[in-house]
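What follows is one structure encoded as structure tokens, with my remarks underneath.
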Amino acid sequence: MRTIRTRKHTAALGVVTAVLALALTACNEEDGSAAPAGGSDTNSSAAASAAGSQTGGDDAKGSDTSKSGGTAQNAGSKTGSSSTGGGSKDSGSSAGGGNTSDSYAYKHPCQASDLSIRVYPREGSKTQHVIEVNNTGANSCGLSYFPRVSLGASNASDHSGDITPAVPGGLGGAPAYPVKPKTAAIAVIDLNPKGSGGVTWVNEMNVLADGDHMANADTQNFELGPDVKVLDPKLGLYETTVADAVKSMQSAGK
């Protein structure tokens with residue numbers, strides 16, 4: 001009987017031992033599975049750290065490429081400038097910033113300081129001269145329909161006897177002759193339309209670009225040279241070409 005109890009006890013202990021072994025195995029398996037999970041967290045942290053380092057590298061790289069940022073800023077400035085230029089264009093302004101509209105010229109007479117005047121013989125004619133008034137200013141401006149011209153002697157103390165040319169009649173229309181920047185108003189004068197006779201004491205042409213608004217002090221004097229004979233001179237209106245100015249001159253005095 002004692003032997004049987006010992007065997008039963010031994011068997012029971014074996015069962016308990018087996019159960020404990022299984023429990024320990026299960027625990028080990030759970031611990032093993034937890035370890036990889038912990039490893040994953042560690043790997044994730046490492047990956048996050050690496051990503052952070054890469055992001056920091058990108059930020060540092062962005063700081064190093066400050067030149068690109070400067071270019072973008074400059075491009076923005078240029079765009080702003082383009083926007084401003086567009087506004088000026090709508091208001092009748094040129095790329096250079098001046099106002100080139102005729103309506104602006106009608107309200108703004110030309111200043112003598114913004115004009116350059118040339119007088120020279122017309123090619124193909126012995127008696128005709130071209131009066132070229134160039135607008136050197138930044139804006140359009142308005143001139144009288146024709147220049148004020150007188151013909152006299154350069155050494156005369158009294159110019160009351162100077163000769164004035166005939167001009168076209170029946171004038172009307174726009175309040176002024178508009179001249180855009182960097183362009184010229186052209187008039188032609190014929191000192192002796194008949195080509196014969198005439199006085200010989202005239203050796204100077206006096207030109208005031210705008211007889212309606214400018215002071216006499218703005219008159220410019222141009223030497224005509226020797227052997228000039230003046231008789232019944234004619235002066236045309238301002239035009240854009242010499243050919244049109246000649247046609248206008250031919251209508252003077254009619």
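Residue names in the structure tokens use chain letters A, B, ... in the order shown, residue numbers from 1 in each chain, and ligand numbers from 1 in the order shown.
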
Write out as a list in words which residues come within 12 Å of Ala174 of chain A when counting only C-alpha atoms, dropping same-chain ones fewer than 4 positions away. Asp102, Ser103, Ala105, Tyr106, Lys107, Gly142, Leu143, Ser144, Tyr145 and Pro178 of chain A

Residue contacts of Pro193 of chain A (12 Å, only C-alpha atoms) excluding same-chain residues fewer than 3 positions away, as number ranges by chain: A: 125-129, 165-166, 188-190, 196-198, 229-235, 246, 249-253

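From atom CA of Leu224 of chain A back to atom CA of Ala176 of chain A, the distance works out to 28.6 Å.
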
For the strand (DSSP E or B) assignment from backbone DSSP, which residues of segment 102-231 of chain A qualify? Please present them as a ChimeraX atom specification. /A:109,115-121,128-135,141-143,148-152,163,166,177-179,184-190,199,204-208,220-223,230

Per residue of segment 179-200 of chain A within 12 Å of segment 206-210 of chain A, what are the shortest atom pair and its distance in Å to one decimal, counting only C-alpha atoms, with rows by chain and residue number, as a Markdown table?
| residue | atom | partner | partner_atom | distance |
| --- | --- | --- | --- | --- |
| A:Val179 | CA | A:Ala209 | CA | 11.8 |
| A:Ala184 | CA | A:Ala209 | CA | 11.5 |
| A:Ala185 | CA | A:Ala209 | CA | 9.5 |
| A:Ile186 | CA | A:Ala209 | CA | 10.5 |
| A:Ala187 | CA | A:Ala209 | CA | 10.2 |
| A:Ile189 | CA | A:Val207 | CA | 11.3 |

Save the residues we just selected, C-alpha atoms, as a PDB file, in the first residue's frame?
ATOM      1  CA  VAL A 179       5.302 116.074 -79.866  1.00  0.00           C
ATOM      2  CA  ALA A 184      10.550 115.915 -83.943  1.00  0.00           C
ATOM      3  CA  ALA A 185       8.125 118.529 -85.175  1.00  0.00           C
ATOM      4  CA  ILE A 186       9.187 119.654 -88.652  1.00  0.00           C
ATOM      5  CA  ALA A 187       8.412 122.896 -90.460  1.00  0.00           C
ATOM      6  CA  ILE A 189      10.361 127.755 -94.788  1.00  0.00           C
TER       7      ILE A 189
END
